[in-house]
Amino acid sequence: MIIRSCLTCISLFAIFLTRAQTESGIHGAGGTQTGSGQADSLYRAGRYFDASIAYERLLFENSDPHQQLIAIFGKTRCLKQQGLYDQAMTFLENWQSYPFPDSSLSEIHYQQVLCTYLGGHFENVLSLVDRWPYVHAGRQPAPMLIVLKILSLNELQRWKEAAEIYHAFIAERGLPAPPPDIYQHIPRLKSAEKAQWLSQFIPGAGQFYAGRPGEALFSILVQTAGIWFAVVSFQQHYYISAWLVGAALFGAFHMGGVRRSEILVRQYNRKKMLAFNEAVRAQLVPLLQ
């Protein structure tokens, strides 16, 4: 009995020893990488959530600043790939005060500005860019930060400020032939309040104003049909039908038209803004190279 127990223990020991040696060999051969290797492999495989967890683990287990920076930027890439820009922004903010070299802190700052812009927080972009000289004294901001500031000012429709920074940026490049001044063609945006006011008093007018004549005609027809049904029903003494069907149909499409006109104007303005910002981006980004 004792001999059998000893043999069992020896067998189990041999199995675990063989497995440990095999895993050690895999680690050394790169099958299951150590350090950031596993996280990098997951990232390259498109498994961004798993890669972000692996980078977080690397960050937790390491006190080496170099490995920590690899983990920080790796996790930031993963969050951006998942479209989690707000999480990336908050994550980077937590590392701004860590005692890394200023060159690394400036890169963290740059990534935070980029994530803030991608997240649509344009006022915060301006604040972060303006904070640069105080946080990184003596270090010039990356030119891309200036481009992001210009684009954010455009999004906020602060055209005059954007144009001033745009002209200064172009002048600093010292181009022999400056590109055409795109701010001579600022997009003419429409007013959502005006669209609502028009729809309130003239059925379909808000949709016409927003550039959707088809929807405007449909709204006019339905509201007219509702009024006609209500009048005819009332004349024939079908008072309940006149109220519950005709008036309700007119009221529903009338109020819906008011709200719809506001949505259409916002969509119109967004389309114009995206086209303008894309033109600015196409003009400025090549100058960064």
# chains A, B, ... in the order shown; residues from 1 in each chain; ligands from 1
call {"tool": "residues_around", "arguments": {"residues": "Ile182 (chain A)", "least_positions_apart": "5", "cutoff": "12 Å", "atoms": "only C-alpha atoms", "output": "short mmCIF file (atom, residue, chain, number, x, y, z; two decimals) with C-alpha atoms, in the first residue's frame"}}
result
data_model
loop_
_atom_site.label_atom_id
_atom_site.label_comp_id
_atom_site.auth_asym_id
_atom_site.auth_seq_id
_atom_site.Cartn_x
_atom_site.Cartn_y
_atom_site.Cartn_z
CA ASN A 154 -15.31 74.79 -36.20
CA TRP A 159 -15.41 80.75 -36.92
CA ALA A 162 -10.72 79.14 -35.89
CA ALA A 163 -9.80 81.33 -38.88
CA TYR A 166 -5.80 78.53 -39.21
CA HIS A 167 -4.06 81.52 -40.85
CA ILE A 170 -0.51 78.22 -42.55
CA PRO A 187 -20.91 76.85 -44.36
CA ALA A 275 -17.98 68.38 -45.12
CA PHE A 276 -16.31 71.64 -44.07
CA ASN A 277 -14.16 70.02 -41.39
CA GLU A 278 -13.15 67.29 -43.83
CA ALA A 279 -11.99 69.98 -46.26
CA VAL A 280 -10.00 71.70 -43.48
CA ARG A 281 -8.52 68.37 -42.40
CA ALA A 282 -7.58 67.46 -45.96
CA GLN A 283 -5.81 70.80 -46.31
CA LEU A 284 -3.94 70.85 -43.00
#
call {"tool": "select_by_dssp", "arguments": {"residues": "region 69-283 of chain A", "states": "alpha helix (DSSP H)", "output": "PyMOL selection string"}}
result
chain A and resi 69-81+85-93+102-118+122-135+143-155+159-173+192-201+205-209+213-235+239-241+248-283
call {"tool": "residues_around", "arguments": {"residues": "Trp132 (chain A)", "least_positions_apart": "3", "cutoff": "12 Å", "atoms": "only C-alpha atoms", "output": "PyMOL selection string"}}
result
chain A and resi 96+102+105-110+112-113+125-129+135-142+145-146
call {"tool": "atom_distance", "arguments": {"atom1": "CA of Gly256 (chain A)", "atom2": "CA of Asn269 (chain A)"}}
result
20.0 Å
call {"tool": "atom_distance", "arguments": {"atom1": "CA of Leu118 (chain A)", "atom2": "CA of Tyr85 (chain A)"}}
result
6.4 Å
call {"tool": "residues_around", "arguments": {"residues": "Ile220 (chain A)", "least_positions_apart": "2", "cutoff": "12 Å", "atoms": "only C-alpha atoms", "output": "ChimeraX atom specification"}}
result
/A:199,202-208,213-218,222-228,249-250,253-254,257
call {"tool": "write_last_selection", "arguments": {"atoms": "N, CA, C and O atoms", "output": "compact mmCIF listing (two decimals), in the first residue's frame"}}
result
# COMPACT_ATOMS: atom_id res chain seq x y z
N SER A 199 -42.84 75.34 -38.89
CA SER A 199 -43.73 74.18 -38.83
C SER A 199 -44.90 74.42 -37.90
O SER A 199 -45.98 73.85 -38.09
N ILE A 202 -47.08 76.98 -40.26
CA ILE A 202 -47.34 76.59 -41.64
C ILE A 202 -46.96 75.13 -41.79
O ILE A 202 -45.77 74.80 -41.81
N PRO A 203 -47.93 74.24 -41.89
CA PRO A 203 -47.61 72.80 -42.01
C PRO A 203 -46.66 72.52 -43.17
O PRO A 203 -46.88 72.99 -44.29
N GLY A 204 -45.58 71.78 -42.88
CA GLY A 204 -44.62 71.41 -43.91
C GLY A 204 -43.55 72.43 -44.19
O GLY A 204 -42.55 72.12 -44.85
N ALA A 205 -43.71 73.66 -43.69
CA ALA A 205 -42.75 74.72 -44.00
C ALA A 205 -41.39 74.43 -43.38
O ALA A 205 -40.34 74.74 -43.97
N GLY A 206 -41.38 73.85 -42.18
CA GLY A 206 -40.11 73.53 -41.54
C GLY A 206 -39.32 72.49 -42.31
O GLY A 206 -38.10 72.59 -42.44
N GLN A 207 -40.02 71.49 -42.86
CA GLN A 207 -39.34 70.47 -43.66
C GLN A 207 -38.80 71.06 -44.97
O GLN A 207 -37.72 70.70 -45.42
N PHE A 208 -39.60 71.98 -45.59
CA PHE A 208 -39.09 72.67 -46.78
C PHE A 208 -37.83 73.45 -46.45
O PHE A 208 -36.85 73.42 -47.19
N PRO A 213 -38.25 68.59 -49.30
CA PRO A 213 -39.57 68.89 -49.87
C PRO A 213 -40.50 67.69 -49.91
O PRO A 213 -41.73 67.84 -49.78
N GLY A 214 -39.98 66.48 -50.09
CA GLY A 214 -40.81 65.29 -50.10
C GLY A 214 -41.53 65.10 -48.79
O GLY A 214 -42.75 64.85 -48.75
N GLU A 215 -40.79 65.19 -47.70
CA GLU A 215 -41.40 65.06 -46.37
C GLU A 215 -42.38 66.19 -46.12
O GLU A 215 -43.41 66.01 -45.46
N ALA A 216 -42.06 67.38 -46.62
CA ALA A 216 -42.95 68.52 -46.43
C ALA A 216 -44.29 68.29 -47.11
O ALA A 216 -45.36 68.52 -46.52
N LEU A 217 -44.27 67.80 -48.35
CA LEU A 217 -45.50 67.55 -49.07
C LEU A 217 -46.33 66.46 -48.40
O LEU A 217 -47.57 66.57 -48.29
N PHE A 218 -45.66 65.41 -47.91
CA PHE A 218 -46.37 64.34 -47.21
C PHE A 218 -47.04 64.88 -45.95
O PHE A 218 -48.19 64.56 -45.65
N VAL A 222 -51.13 64.87 -45.21
CA VAL A 222 -51.72 64.16 -44.07
C VAL A 222 -52.46 65.13 -43.16
O VAL A 222 -53.59 64.85 -42.71
N GLN A 223 -51.87 66.29 -42.89
CA GLN A 223 -52.54 67.26 -42.02
C GLN A 223 -53.80 67.81 -42.68
O GLN A 223 -54.83 68.03 -42.02
N THR A 224 -53.73 68.03 -43.99
CA THR A 224 -54.92 68.49 -44.72
C THR A 224 -56.02 67.44 -44.68
O THR A 224 -57.21 67.76 -44.50
N ALA A 225 -55.63 66.18 -44.85
CA ALA A 225 -56.61 65.09 -44.80
C ALA A 225 -57.26 65.02 -43.42
O ALA A 225 -58.47 64.78 -43.30
N GLY A 226 -56.46 65.24 -42.36
CA GLY A 226 -57.01 65.23 -41.01
C GLY A 226 -58.03 66.33 -40.80
O GLY A 226 -59.11 66.12 -40.23
N ILE A 227 -57.71 67.54 -41.30
CA ILE A 227 -58.65 68.66 -41.17
C ILE A 227 -59.92 68.40 -41.98
O ILE A 227 -61.05 68.64 -41.51
N TRP A 228 -59.73 67.90 -43.22
CA TRP A 228 -60.89 67.63 -44.08
C TRP A 228 -61.80 66.59 -43.43
O TRP A 228 -63.04 66.77 -43.40
N LEU A 249 -55.54 63.09 -35.86
CA LEU A 249 -54.59 62.89 -36.95
C LEU A 249 -53.84 64.18 -37.26
O LEU A 249 -52.61 64.19 -37.41
N PHE A 250 -54.58 65.28 -37.34
CA PHE A 250 -53.94 66.57 -37.61
C PHE A 250 -52.97 66.94 -36.49
O PHE A 250 -51.84 67.36 -36.73
N PHE A 253 -49.69 64.71 -36.46
CA PHE A 253 -48.73 65.02 -37.53
C PHE A 253 -48.23 66.45 -37.44
O PHE A 253 -47.12 66.74 -37.89
N HIS A 254 -49.04 67.33 -36.87
CA HIS A 254 -48.58 68.72 -36.72
C HIS A 254 -47.44 68.80 -35.70
O HIS A 254 -46.38 69.37 -35.99
N GLY A 257 -44.45 67.03 -36.98
CA GLY A 257 -43.75 67.83 -37.99
C GLY A 257 -42.86 68.88 -37.37
O GLY A 257 -41.77 69.17 -37.88
call {"tool": "residues_around", "arguments": {"residues": "Val285 (chain A)", "least_positions_apart": "5", "cutoff": "10 Å", "atoms": "only C-alpha atoms", "output": "PyMOL selection string"}}
result
chain A and resi 143-144+147+280
call {"tool": "residues_around", "arguments": {"residues": "Leu264 (chain A)", "least_positions_apart": "6", "cutoff": "10 Å", "atoms": "only C-alpha atoms", "output": "ChimeraX atom specification"}}
result
/A:192,195,206-212,270
call {"tool": "closest_residue", "arguments": {"among": "A:Gln236, A:Ser261, A:Gln38, A:Ser191", "to": "Ser219 (chain A)", "atoms": "only C-alpha atoms"}}
result
A:Ser261
